[in-house]
file work_32.cif (mmCIF, C-alpha atoms)
data_upload
#
loop_
_atom_site.label_atom_id
_atom_site.label_comp_id
_atom_site.auth_asym_id
_atom_site.auth_seq_id
_atom_site.Cartn_x
_atom_site.Cartn_y
_atom_site.Cartn_z
CA MET A 1 -139.71 -41.62 104.65
CA ASP A 2 -140.05 -41.19 100.88
CA LEU A 3 -143.70 -41.79 99.98
CA SER A 4 -143.42 -40.32 96.48
CA THR A 5 -145.03 -41.90 93.44
CA ARG A 6 -145.68 -41.04 89.82
CA TYR A 7 -149.20 -41.03 88.39
CA LEU A 8 -150.32 -39.80 84.95
CA GLY A 9 -146.94 -38.15 84.53
CA PHE A 10 -147.23 -36.19 87.79
CA ASP A 11 -144.62 -36.57 90.52
CA LEU A 12 -146.72 -36.82 93.67
CA PRO A 13 -145.58 -36.74 97.32
CA HIS A 14 -147.64 -39.85 98.08
CA PRO A 15 -150.38 -41.93 96.38
CA LEU A 16 -153.45 -40.80 98.35
CA MET A 17 -156.11 -38.60 96.75
CA PRO A 18 -159.88 -38.18 96.88
CA GLY A 19 -161.68 -40.04 94.12
CA ALA A 20 -164.56 -38.66 92.09
CA SER A 21 -167.25 -37.60 94.57
CA PRO A 22 -169.45 -34.66 95.67
CA LEU A 23 -166.66 -33.54 98.01
CA VAL A 24 -165.33 -31.16 95.36
CA ASP A 25 -168.62 -29.25 95.06
CA ASN A 26 -167.57 -27.14 98.04
CA LEU A 27 -164.38 -25.08 97.79
CA ASP A 28 -163.87 -25.09 101.55
CA THR A 29 -163.85 -28.90 101.49
CA VAL A 30 -161.40 -28.87 98.58
CA ARG A 31 -159.06 -26.63 100.61
CA ARG A 32 -159.44 -28.95 103.61
CA LEU A 33 -158.48 -31.89 101.41
CA GLU A 34 -155.35 -30.07 100.27
CA ASP A 35 -154.56 -29.14 103.88
CA ALA A 36 -154.96 -32.81 104.81
CA GLY A 37 -152.24 -33.59 102.28
CA ALA A 38 -154.20 -34.82 99.23
CA ALA A 39 -151.73 -35.53 96.41
CA ALA A 40 -154.30 -34.45 93.79
CA ILE A 41 -157.98 -33.56 93.50
CA VAL A 42 -160.28 -35.75 91.40
CA MET A 43 -163.51 -33.97 90.57
CA HIS A 44 -166.90 -35.67 90.43
CA SER A 45 -168.10 -36.65 86.98
CA LEU A 46 -169.83 -34.47 84.45
CA PHE A 47 -172.43 -36.86 83.04
CA GLU A 48 -173.18 -37.43 79.38
CA GLU A 49 -176.87 -36.99 80.22
CA GLN A 50 -176.15 -33.49 81.50
CA ILE A 51 -174.37 -32.56 78.27
CA LYS A 52 -177.19 -33.94 76.13
CA GLN A 53 -179.91 -32.24 78.14
CA ASP A 54 -178.04 -28.95 78.22
CA ARG A 55 -177.74 -29.05 74.44
CA LEU A 56 -181.40 -30.01 74.06
CA HIS A 57 -182.47 -27.06 76.19
CA ALA A 58 -180.30 -24.76 74.09
CA LEU A 59 -181.80 -26.17 70.89
CA LEU A 60 -185.35 -25.67 72.10
CA ALA A 61 -184.59 -22.14 73.20
CA THR A 62 -182.93 -21.06 69.97
CA GLU A 63 -184.34 -23.11 67.11
CA GLY A 64 -187.68 -24.61 68.05
CA PRO A 65 -191.10 -23.28 68.94
CA ALA A 66 -192.32 -23.50 72.50
CA ASN A 67 -192.88 -27.07 73.73
CA SER A 68 -191.32 -28.69 70.64
CA TYR A 69 -190.00 -32.12 71.61
CA ALA A 70 -190.88 -31.33 75.19
CA GLU A 71 -191.38 -35.02 75.91
CA ALA A 72 -187.69 -35.59 75.15
CA LEU A 73 -186.78 -33.66 78.28
CA SER A 74 -188.28 -36.40 80.41
CA TYR A 75 -185.72 -38.91 79.17
CA PHE A 76 -183.08 -37.49 81.51
CA PRO A 77 -183.07 -36.34 85.13
CA GLY A 78 -183.85 -32.64 85.49
CA LEU A 79 -180.86 -30.34 85.59
CA ASP A 80 -181.70 -29.52 89.20
CA HIS A 81 -180.85 -33.15 90.07
CA PHE A 82 -177.20 -32.35 89.39
CA ALA A 83 -175.12 -30.14 91.66
CA LEU A 84 -173.22 -28.64 88.73
CA GLY A 85 -174.40 -28.31 85.14
CA PRO A 86 -171.94 -28.31 82.23
CA GLU A 87 -171.09 -24.59 82.41
CA ALA A 88 -170.97 -24.58 86.20
CA TYR A 89 -168.68 -27.62 86.08
CA LEU A 90 -166.18 -25.78 83.89
CA GLU A 91 -166.33 -22.79 86.23
CA GLN A 92 -165.74 -25.07 89.21
CA ILE A 93 -162.57 -26.37 87.55
CA ARG A 94 -161.33 -22.78 87.26
CA ARG A 95 -162.20 -22.03 90.88
CA ILE A 96 -160.50 -25.17 92.20
CA LYS A 97 -157.40 -24.49 90.13
CA GLN A 98 -157.21 -21.04 91.73
CA ALA A 99 -157.79 -22.45 95.20
CA VAL A 100 -155.19 -25.27 95.30
CA ARG A 101 -151.63 -25.94 94.17
CA ILE A 102 -152.01 -29.66 93.50
CA PRO A 103 -153.08 -31.35 90.22
CA VAL A 104 -156.79 -31.19 89.42
CA ILE A 105 -158.22 -34.18 87.55
CA ALA A 106 -161.63 -33.66 85.93
CA SER A 107 -164.01 -36.51 85.13
CA LEU A 108 -166.47 -37.32 82.34
CA ASN A 109 -169.02 -40.11 82.72
CA GLY A 110 -170.80 -41.65 79.74
CA VAL A 111 -170.70 -44.33 77.07
CA SER A 112 -171.52 -42.88 73.64
CA THR A 113 -169.01 -41.14 71.37
CA GLU A 114 -171.09 -37.97 71.32
CA GLY A 115 -169.96 -34.96 73.29
CA TRP A 116 -166.84 -36.50 74.77
CA THR A 117 -164.28 -34.73 72.61
CA ASP A 118 -165.98 -31.32 72.69
CA TYR A 119 -166.24 -31.27 76.46
CA ALA A 120 -162.81 -32.82 76.88
CA ARG A 121 -161.40 -29.77 75.08
CA LEU A 122 -163.50 -27.39 77.18
CA ILE A 123 -162.32 -29.12 80.36
CA GLN A 124 -158.72 -28.79 79.23
CA ASP A 125 -159.26 -25.12 78.38
CA ALA A 126 -160.77 -24.56 81.85
CA GLY A 127 -157.43 -25.56 83.35
CA ALA A 128 -157.78 -29.23 84.36
CA ASP A 129 -154.40 -30.96 84.63
CA ALA A 130 -155.78 -34.36 83.56
CA LEU A 131 -159.05 -36.03 82.62
CA GLU A 132 -160.59 -39.24 83.93
CA LEU A 133 -163.09 -40.95 81.62
CA ASN A 134 -165.58 -43.01 83.62
CA VAL A 135 -167.13 -45.46 81.15
CA TYR A 136 -170.25 -46.71 82.94
CA PHE A 137 -172.43 -48.99 80.85
CA VAL A 138 -174.69 -52.00 81.39
CA ALA A 139 -174.94 -54.04 78.19
CA ALA A 140 -178.61 -54.92 78.61
CA ALA A 141 -179.42 -55.39 74.90
CA LEU A 142 -179.33 -59.10 74.06
CA ASP A 143 -178.12 -58.46 70.52
CA GLU A 144 -175.10 -56.39 71.58
CA SER A 145 -171.83 -58.31 71.53
CA ALA A 146 -168.83 -57.96 73.82
CA ALA A 147 -166.79 -56.81 70.83
CA THR A 148 -169.25 -53.98 70.20
CA VAL A 149 -169.09 -52.79 73.80
CA GLU A 150 -165.30 -52.95 73.90
CA GLY A 151 -165.03 -51.23 70.52
CA ARG A 152 -167.14 -48.32 71.76
CA VAL A 153 -164.92 -47.84 74.80
CA MET A 154 -161.78 -47.97 72.68
CA MET A 155 -163.21 -45.43 70.26
CA ILE A 156 -164.02 -43.03 73.10
CA ALA A 157 -160.53 -43.40 74.55
CA ARG A 158 -158.87 -42.92 71.17
CA GLN A 159 -160.94 -39.88 70.19
CA VAL A 160 -160.51 -38.11 73.51
CA LYS A 161 -156.79 -38.86 73.62
CA GLN A 162 -156.38 -37.38 70.13
CA ALA A 163 -158.46 -34.31 70.99
CA ILE A 164 -156.54 -33.09 74.05
CA THR A 165 -152.96 -32.89 75.27
CA ILE A 166 -153.47 -33.37 79.02
CA PRO A 167 -153.14 -36.91 80.42
CA VAL A 168 -156.18 -39.18 80.09
CA ALA A 169 -157.11 -41.99 82.49
CA LEU A 170 -159.85 -44.51 81.84
CA LYS A 171 -162.01 -45.64 84.75
CA LEU A 172 -163.34 -49.10 83.98
CA SER A 173 -165.61 -51.76 85.39
CA PRO A 174 -164.27 -55.31 85.78
CA PHE A 175 -167.16 -56.76 83.76
CA PHE A 176 -165.40 -57.57 80.50
CA SER A 177 -165.12 -61.13 79.27
CA ALA A 178 -161.32 -61.01 78.85
CA PHE A 179 -160.27 -58.00 80.88
CA GLY A 180 -156.51 -58.40 80.46
CA GLY A 181 -156.72 -58.61 76.68
CA PHE A 182 -159.08 -55.64 76.57
CA VAL A 183 -156.66 -53.54 78.61
CA HIS A 184 -153.82 -54.55 76.31
CA ARG A 185 -155.79 -53.25 73.33
CA LEU A 186 -156.67 -50.08 75.21
CA GLU A 187 -152.97 -49.38 75.62
CA GLN A 188 -152.78 -48.91 71.86
CA THR A 189 -155.09 -45.87 72.12
CA GLY A 190 -152.34 -44.05 74.01
CA ILE A 191 -154.19 -43.61 77.31
CA ASP A 192 -152.03 -42.57 80.23
CA GLY A 193 -153.75 -44.39 83.10
CA LEU A 194 -156.32 -46.91 84.27
CA VAL A 195 -158.55 -46.57 87.34
CA LEU A 196 -159.71 -49.91 88.78
CA PHE A 197 -162.69 -49.94 89.24
CA ASN A 198 -165.88 -47.89 89.07
CA ARG A 199 -168.73 -49.09 91.27
CA PHE A 200 -171.98 -50.22 89.67
CA TYR A 201 -174.77 -48.90 91.84
CA GLN A 202 -177.59 -51.43 91.90
CA PRO A 203 -181.22 -50.27 91.91
CA ASP A 204 -183.61 -51.78 94.42
CA ILE A 205 -187.34 -52.52 94.14
CA ASP A 206 -190.10 -51.00 96.25
CA ILE A 207 -192.49 -53.98 96.39
CA ASP A 208 -195.40 -51.87 97.74
CA MET A 209 -195.17 -48.96 95.31
CA LEU A 210 -194.00 -51.19 92.43
CA GLU A 211 -191.16 -48.82 91.67
CA VAL A 212 -187.49 -49.18 90.98
CA THR A 213 -185.62 -47.08 93.52
CA PRO A 214 -182.00 -45.87 93.49
CA ARG A 215 -179.85 -47.14 96.31
CA LEU A 216 -176.42 -45.98 97.39
CA GLU A 217 -174.25 -47.88 99.84
CA LEU A 218 -170.73 -46.82 100.72
CA SER A 219 -167.94 -49.28 100.06
CA THR A 220 -166.25 -51.58 102.56
CA SER A 221 -162.77 -53.09 102.60
CA SER A 222 -164.21 -56.35 101.26
CA GLU A 223 -164.61 -54.69 97.85
CA LEU A 224 -160.85 -54.16 97.63
CA LEU A 225 -160.04 -57.79 96.79
CA LEU A 226 -161.18 -57.59 93.15
CA ARG A 227 -159.06 -54.47 92.69
CA LEU A 228 -156.02 -56.17 94.21
CA ARG A 229 -156.36 -59.13 91.89
CA TRP A 230 -156.33 -57.07 88.71
CA LEU A 231 -153.73 -54.60 89.94
CA ALA A 232 -151.45 -57.55 90.60
CA ILE A 233 -152.12 -59.11 87.19
CA LEU A 234 -151.72 -55.90 85.19
CA SER A 235 -149.05 -53.88 87.00
CA SER A 236 -146.07 -55.79 85.61
CA GLN A 237 -147.51 -56.06 82.11
CA VAL A 238 -148.95 -52.66 81.11
CA LYS A 239 -147.43 -49.20 80.72
CA PRO A 240 -150.29 -46.86 81.82
CA SER A 241 -150.37 -45.65 85.41
CA LEU A 242 -152.69 -47.61 87.69
CA ALA A 243 -155.03 -46.20 90.33
CA CYS A 244 -156.97 -48.23 92.87
CA SER A 245 -160.51 -47.00 93.49
CA GLY A 246 -163.06 -48.68 95.75
CA GLY A 247 -162.75 -50.39 99.11
CA VAL A 248 -159.79 -48.50 100.61
CA HIS A 249 -160.55 -47.64 104.24
CA THR A 250 -157.49 -48.58 106.32
CA VAL A 251 -153.71 -48.34 106.20
CA THR A 252 -153.62 -52.06 105.48
CA ASP A 253 -155.85 -51.47 102.46
CA VAL A 254 -153.48 -48.79 101.17
CA VAL A 255 -150.45 -51.05 101.65
CA LYS A 256 -152.13 -53.90 99.78
CA ALA A 257 -153.07 -51.63 96.87
CA VAL A 258 -149.50 -50.34 96.54
CA MET A 259 -147.99 -53.81 96.94
CA THR A 260 -150.07 -55.09 94.04
CA GLY A 261 -148.92 -52.20 91.86
CA ALA A 262 -151.08 -49.11 92.37
CA HIS A 263 -149.41 -45.77 91.65
CA ALA A 264 -152.36 -43.86 93.12
CA VAL A 265 -155.00 -44.75 95.69
CA GLN A 266 -158.34 -42.96 95.44
CA LEU A 267 -160.50 -42.51 98.54
CA VAL A 268 -164.21 -41.75 98.58
CA SER A 269 -166.35 -43.63 101.11
CA VAL A 270 -163.89 -43.19 103.98
CA LEU A 271 -163.77 -39.43 103.29
CA LEU A 272 -167.56 -39.18 103.09
CA GLN A 273 -167.80 -41.01 106.42
CA ASP A 274 -164.93 -39.40 108.35
CA GLY A 275 -164.07 -36.20 106.47
CA PRO A 276 -160.79 -34.96 104.95
CA SER A 277 -158.87 -35.70 108.15
CA ALA A 278 -159.11 -39.41 107.28
CA LEU A 279 -156.72 -38.80 104.39
CA ALA A 280 -154.14 -37.26 106.70
CA GLU A 281 -154.48 -40.19 109.11
CA LEU A 282 -153.99 -42.74 106.32
CA ARG A 283 -150.94 -40.88 105.00
CA LEU A 284 -149.36 -40.80 108.45
CA GLY A 285 -150.29 -44.43 109.03
CA LEU A 286 -148.71 -45.45 105.72
CA GLN A 287 -145.48 -43.70 106.69
CA ARG A 288 -145.40 -45.44 110.06
CA TRP A 289 -146.09 -48.84 108.51
CA LEU A 290 -143.22 -48.47 106.06
CA GLU A 291 -140.87 -47.36 108.84
CA ASP A 292 -141.94 -50.22 111.11
CA HIS A 293 -141.32 -52.72 108.31
CA GLU A 294 -137.95 -51.18 107.44
CA TYR A 295 -138.78 -49.96 103.95
CA GLU A 296 -136.73 -47.05 102.66
CA SER A 297 -139.39 -45.76 100.29
CA LEU A 298 -142.85 -46.43 98.89
CA LYS A 299 -141.31 -47.37 95.53
CA GLN A 300 -139.43 -50.21 97.22
CA MET A 301 -142.76 -51.74 98.18
CA GLN A 302 -144.67 -50.79 95.00
CA GLY A 303 -145.55 -53.86 92.94
CA SER A 304 -143.78 -56.25 95.31
CA MET A 305 -146.81 -58.57 95.25
CA ASN A 306 -147.73 -58.35 91.58
CA LEU A 307 -148.01 -61.28 89.23
CA SER A 308 -144.33 -61.32 88.26
CA ARG A 309 -142.99 -61.09 91.82
CA CYS A 310 -145.53 -62.95 93.92
CA PRO A 311 -144.26 -66.33 95.19
CA ASN A 312 -147.57 -67.90 94.15
CA PRO A 313 -148.79 -66.12 90.99
CA THR A 314 -151.51 -68.70 90.31
CA ALA A 315 -153.25 -67.39 93.43
CA PHE A 316 -154.06 -64.28 91.42
CA GLU A 317 -154.79 -66.03 88.13
CA ARG A 318 -156.97 -68.82 89.49
CA GLY A 319 -158.02 -67.07 92.67
CA ASN A 320 -156.48 -70.00 94.63
CA TYR A 321 -159.86 -71.58 94.07
CA MET A 322 -159.26 -75.09 95.40
CA ALA A 323 -157.19 -73.96 98.38
CA THR A 324 -159.91 -71.51 99.38
CA LEU A 325 -162.61 -74.17 99.28
CA GLN A 326 -160.48 -76.68 101.15
CA GLY A 327 -159.70 -74.06 103.79
CA TRP A 328 -163.42 -73.54 104.39
CA ARG A 329 -163.88 -77.27 104.91
CA ARG A 330 -161.00 -77.42 107.38
CA LEU A 331 -162.54 -74.59 109.41
CA ASN A 332 -166.01 -76.11 109.21
CA PRO A 333 -165.64 -79.93 109.41
#
call {"tool": "encode", "arguments": {"input": "work_32.cif", "output": "structure tokens"}}
result
Amino acid sequence: MDLSTRYLGFDLPHPLMPGASPLVDNLDTVRRLEDAGAAAIVMHSLFEEQIKQDRLHALLATEGPANSYAEALSYFPGLDHFALGPEAYLEQIRRIKQAVRIPVIASLNGVSTEGWTDYARLIQDAGADALELNVYFVAAALDESAATVEGRVMMIARQVKQAITIPVALKLSPFFSAFGGFVHRLEQTGIDGLVLFNRFYQPDIDIDMLEVTPRLELSTSSELLLRLRWLAILSSQVKPSLACSGGVHTVTDVVKAVMTGAHAVQLVSVLLQDGPSALAELRLGLQRWLEDHEYESLKQMQGSMNLSRCPNPTAFERGNYMATLQGWRRLNP
């Protein structure tokens, strides 16, 4: 069975790969992922806060007296909160490139235009085969318009794309007022791929200590539906490669992502729960499913349920809103 696909210009044996996660911090785990058949390795993100703090430490050490601007250091998490600082991150790229034979995709996470291009070049020089930009931003300021937020993302994409020659993918949230139009404008920056979607981790509140506390919950298959909707809408209308990220746990999930147009399927929560062997099981399960349903290749199935080929395209556009509500009433008279 031919499971091959093409993502970010790379010819891959199948669409399954680990998404950005702590799994790549350990070289033994990276090798296990390759042994399990990962089509590529996506590294966890180097955060903009790490870059800023690293530069601030360097500034204080070389240009300022002791304790100058010391209070500024408290604006960001301490460097010991991160597994890999900026320099260690670049070294990890080099080590992973030496350890595996599959494409290595680095990741930058931030929202401002500062530092992106410099570190994009350093990441390219370290040997990364591609770069994923994870634009994670909550527009909390009441005087900030949607156009301003979108313009910032487009500027980042354009500047990074112009600064490096390796493929660039943009990992986005779905929380834009006109997502399709925004993606269409992003195409003009020359980006090579889109990753749908990043997960917004929601803080919780400790009502006894009166503190805001971080909270991490792994995904479930129920989160896949939003990805399927936009993969189906975009896959027949945009040129960049499309990756599905978030909510893929079963073979059925993988099939749905590919049917709606995904060229790559990124796995995180299922690998954190079950280890690298889960990737091998999903790959084998995908092959069996295609054989059982008499497909000759993955490409034959790819995009078969997107907006242009689905028998009921309004189900994606409108979300089949009325039919869904009526169905609930029929089940619960």
call {"tool": "atom_distance", "arguments": {"input": "work_32.cif", "atom1": "atom CA of A:Asp129", "atom2": "atom CA of A:Ile105"}}
result
5.8 Å
call {"tool": "closest_residue", "arguments": {"input": "work_32.cif", "among": "A:Thr165, A:Ser308, A:Ser297, A:Ser277", "to": "A:Thr29", "atoms": "all atoms listed in the file"}}
result
A:Ser277
call {"tool": "resolve_selection", "arguments": {"input": "work_32.cif", "expression": "the PyMOL selection byres ((chain A and resi 258) around 9)", "output": "list in words"}}
result
Pro15, Leu231, Cys244, Asp253, Val254, Val255, Lys256, Ala257, Met259, Thr260, Gly261, Ala262, His263, Ala264, Val265, Leu298, Lys299, Met301, Gln302, Gly303, Ser304 and Met305 of chain A
call {"tool": "residues_around", "arguments": {"input": "work_32.cif", "residues": "A:Gln162", "least_positions_apart": "6", "cutoff": "10 Å", "atoms": "all atoms listed in the file", "output": "count of residues only"}}
result
5
call {"tool": "resolve_selection", "arguments": {"input": "work_32.cif", "expression": "the PyMOL selection byres ((chain A and resi 12-14) around 9)", "output": "list of chain:residue names"}}
result
A:Asp2, A:Leu3, A:Ser4, A:Thr5, A:Arg6, A:Tyr7, A:Phe10, A:Asp11, A:Pro15, A:Leu16, A:Met17, A:Gly37, A:Ala38, A:Ala39, A:Ala40, A:Ile102, A:His263, A:Ala264, A:Arg283, A:Leu298
call {"tool": "closest_residue", "arguments": {"input": "work_32.cif", "among": "A:Met43, A:Leu218, A:Met155, A:Ala232", "to": "A:Gln273", "atoms": "all atoms listed in the file"}}
result
A:Leu218
call {"tool": "atom_distance", "arguments": {"input": "work_32.cif", "atom1": "atom CA of A:Gln287", "atom2": "atom CA of A:Gln266"}}
result
17.1 Å
call {"tool": "atom_distance", "arguments": {"input": "work_32.cif", "atom1": "atom CA of A:Val270", "atom2": "atom CA of A:Leu284"}}
result
15.4 Å
call {"tool": "resolve_selection", "arguments": {"input": "work_32.cif", "expression": "the PyMOL selection byres ((chain A and resi 163) around 9)", "output": "VMD selection string"}}
result
chain A and resid 117 to 118 120 to 121 158 to 162 164 to 165
call {"tool": "write_last_selection", "arguments": {"input": "work_32.cif", "atoms": "C-alpha atoms", "output": "PDB file, in the coordinates of the input"}}
result
ATOM      1  CA  THR A 117    -164.280 -34.730  72.610  1.00  0.00           C
ATOM      2  CA  ASP A 118    -165.980 -31.320  72.690  1.00  0.00           C
ATOM      3  CA  ALA A 120    -162.810 -32.820  76.880  1.00  0.00           C
ATOM      4  CA  ARG A 121    -161.400 -29.770  75.080  1.00  0.00           C
ATOM      5  CA  ARG A 158    -158.870 -42.920  71.170  1.00  0.00           C
ATOM      6  CA  GLN A 159    -160.940 -39.880  70.190  1.00  0.00           C
ATOM      7  CA  VAL A 160    -160.510 -38.110  73.510  1.00  0.00           C
ATOM      8  CA  LYS A 161    -156.790 -38.860  73.620  1.00  0.00           C
ATOM      9  CA  GLN A 162    -156.380 -37.380  70.130  1.00  0.00           C
ATOM     10  CA  ILE A 164    -156.540 -33.090  74.050  1.00  0.00           C
ATOM     11  CA  THR A 165    -152.960 -32.890  75.270  1.00  0.00           C
TER      12      THR A 165
END
